[in-house]
Amino acid sequence: MTGLAALAVAQTQTAYAGLQDSDVWIGLPDQLSGFLLDEATGDLWMTGTCLKPLARANQLGSVWMSHTVELVSVGRGMATLDQRFELDLEQGEITVTSNGRGGAQSFSANIDRDCDQGGVCADLIATQEACQG
């Protein structure tokens, strides 16, 4: 049990490392689901019911792109989840491409740069808990 507890703590610390340096939140109109981005490093986190670190994003113009491949639990088995996220800060759009799931899907997004105090970005930095597992 000690090994699992240490792993859980390590994952939680990884999820929060650098989070307070986020510059912008790109999110869906529900004001919870979206992405926190540190534009200086490309560090990226998915927000929602919990905080999930993603692969570092690369910038091309106003678009930040992250390609995350991970093993996820599906029922009693495991499956590979291969997703590409494109966050367009100029157009206010999120595009998600999941390999094997019918191509790209785009969504209008809200952009919030008030990550220091009072904005949705600041609230998410202060309140999101790391995803477990």
# chains A, B, ... in the order shown; residues from 1 in each chain; ligands from 1
>>> residues_around(residues="segment 108-113 of chain A", least_positions_apart="2", cutoff="8 Å", atoms="only C-alpha atoms", output="list in words")
Asp23, Val24, Trp25, Ile26, Gly27, Leu28, Pro29, Leu89, Gly92, Glu93, Ile94, Ser106, Cys115, Gly119, Val120 and Cys121 of chain A
>>> residues_around(residues="Phe85 of chain A", least_positions_apart="4", cutoff="10 Å", atoms="only C-alpha atoms", output="PyMOL selection string")
chain A and resi 35+54-55+57+63-68+94-98+104-106
>>> write_last_selection(atoms="N, CA and C atoms", output="mmCIF file, in the first residue's frame")
data_model
loop_
_atom_site.group_PDB
_atom_site.id
_atom_site.type_symbol
_atom_site.label_atom_id
_atom_site.label_comp_id
_atom_site.auth_asym_id
_atom_site.auth_seq_id
_atom_site.Cartn_x
_atom_site.Cartn_y
_atom_site.Cartn_z
ATOM 1 N N PHE A 35 -9.121 24.135 -20.683
ATOM 2 C CA PHE A 35 -7.683 23.938 -20.594
ATOM 3 C C PHE A 35 -7.019 25.153 -19.961
ATOM 4 N N LEU A 54 -1.639 17.357 -19.335
ATOM 5 C CA LEU A 54 -1.540 16.833 -20.698
ATOM 6 C C LEU A 54 -0.123 17.029 -21.204
ATOM 7 N N ALA A 55 0.156 16.475 -22.371
ATOM 8 C CA ALA A 55 1.470 16.659 -22.988
ATOM 9 C C ALA A 55 1.685 18.146 -23.259
ATOM 10 N N ALA A 57 2.234 21.632 -24.791
ATOM 11 C CA ALA A 57 1.706 22.175 -26.046
ATOM 12 C C ALA A 57 2.780 22.968 -26.784
ATOM 13 N N VAL A 63 -2.395 29.355 -32.351
ATOM 14 C CA VAL A 63 -2.882 28.020 -32.008
ATOM 15 C C VAL A 63 -1.836 27.266 -31.190
ATOM 16 N N TRP A 64 -2.305 26.683 -30.082
ATOM 17 C CA TRP A 64 -1.468 25.824 -29.251
ATOM 18 C C TRP A 64 -1.946 24.390 -29.476
ATOM 19 N N MET A 65 -0.989 23.454 -29.702
ATOM 20 C CA MET A 65 -1.331 22.066 -29.995
ATOM 21 C C MET A 65 -0.650 21.121 -29.007
ATOM 22 N N SER A 66 -1.436 20.157 -28.537
ATOM 23 C CA SER A 66 -0.925 19.133 -27.629
ATOM 24 C C SER A 66 -1.394 17.780 -28.131
ATOM 25 N N HIS A 67 -0.491 16.814 -28.156
ATOM 26 C CA HIS A 67 -0.832 15.455 -28.572
ATOM 27 C C HIS A 67 -0.569 14.535 -27.385
ATOM 28 N N THR A 68 -1.630 13.984 -26.838
ATOM 29 C CA THR A 68 -1.532 13.145 -25.653
ATOM 30 C C THR A 68 -1.970 11.721 -25.986
ATOM 31 N N ILE A 94 -11.769 25.426 -29.739
ATOM 32 C CA ILE A 94 -11.090 24.204 -29.312
ATOM 33 C C ILE A 94 -11.402 23.135 -30.347
ATOM 34 N N THR A 95 -10.359 22.471 -30.868
ATOM 35 C CA THR A 95 -10.556 21.346 -31.784
ATOM 36 C C THR A 95 -9.922 20.123 -31.148
ATOM 37 N N VAL A 96 -10.699 19.050 -31.077
ATOM 38 C CA VAL A 96 -10.234 17.789 -30.500
ATOM 39 C C VAL A 96 -10.293 16.726 -31.589
ATOM 40 N N THR A 97 -9.159 16.055 -31.792
ATOM 41 C CA THR A 97 -9.110 14.947 -32.735
ATOM 42 C C THR A 97 -8.728 13.701 -31.952
ATOM 43 N N SER A 98 -9.612 12.717 -31.970
ATOM 44 C CA SER A 98 -9.350 11.434 -31.311
ATOM 45 C C SER A 98 -9.197 10.384 -32.394
ATOM 46 N N ALA A 104 -11.943 15.217 -36.455
ATOM 47 C CA ALA A 104 -11.892 16.395 -35.589
ATOM 48 C C ALA A 104 -13.286 16.904 -35.238
ATOM 49 N N GLN A 105 -13.404 17.402 -34.022
ATOM 50 C CA GLN A 105 -14.621 18.074 -33.557
ATOM 51 C C GLN A 105 -14.194 19.427 -33.002
ATOM 52 N N SER A 106 -14.889 20.486 -33.423
ATOM 53 C CA SER A 106 -14.547 21.835 -32.978
ATOM 54 C C SER A 106 -15.658 22.432 -32.140
#
>>> residues_around(residues="Asn58 of chain A", least_positions_apart="6", cutoff="12 Å", atoms="only C-alpha atoms", output="list in words")
Leu37, Asp38, Glu39, Ala40, Thr41, Gly42, Asp43, Leu44, Trp64, Met65, Ser66, His67, Arg84, Phe85, Glu86, Leu87 and Asp88 of chain A
>>> closest_residue(among="A:Ser62, A:Gln91, A:Gln83, A:Gln128", to="Ser33 of chain A", atoms="only C-alpha atoms")
A:Gln128
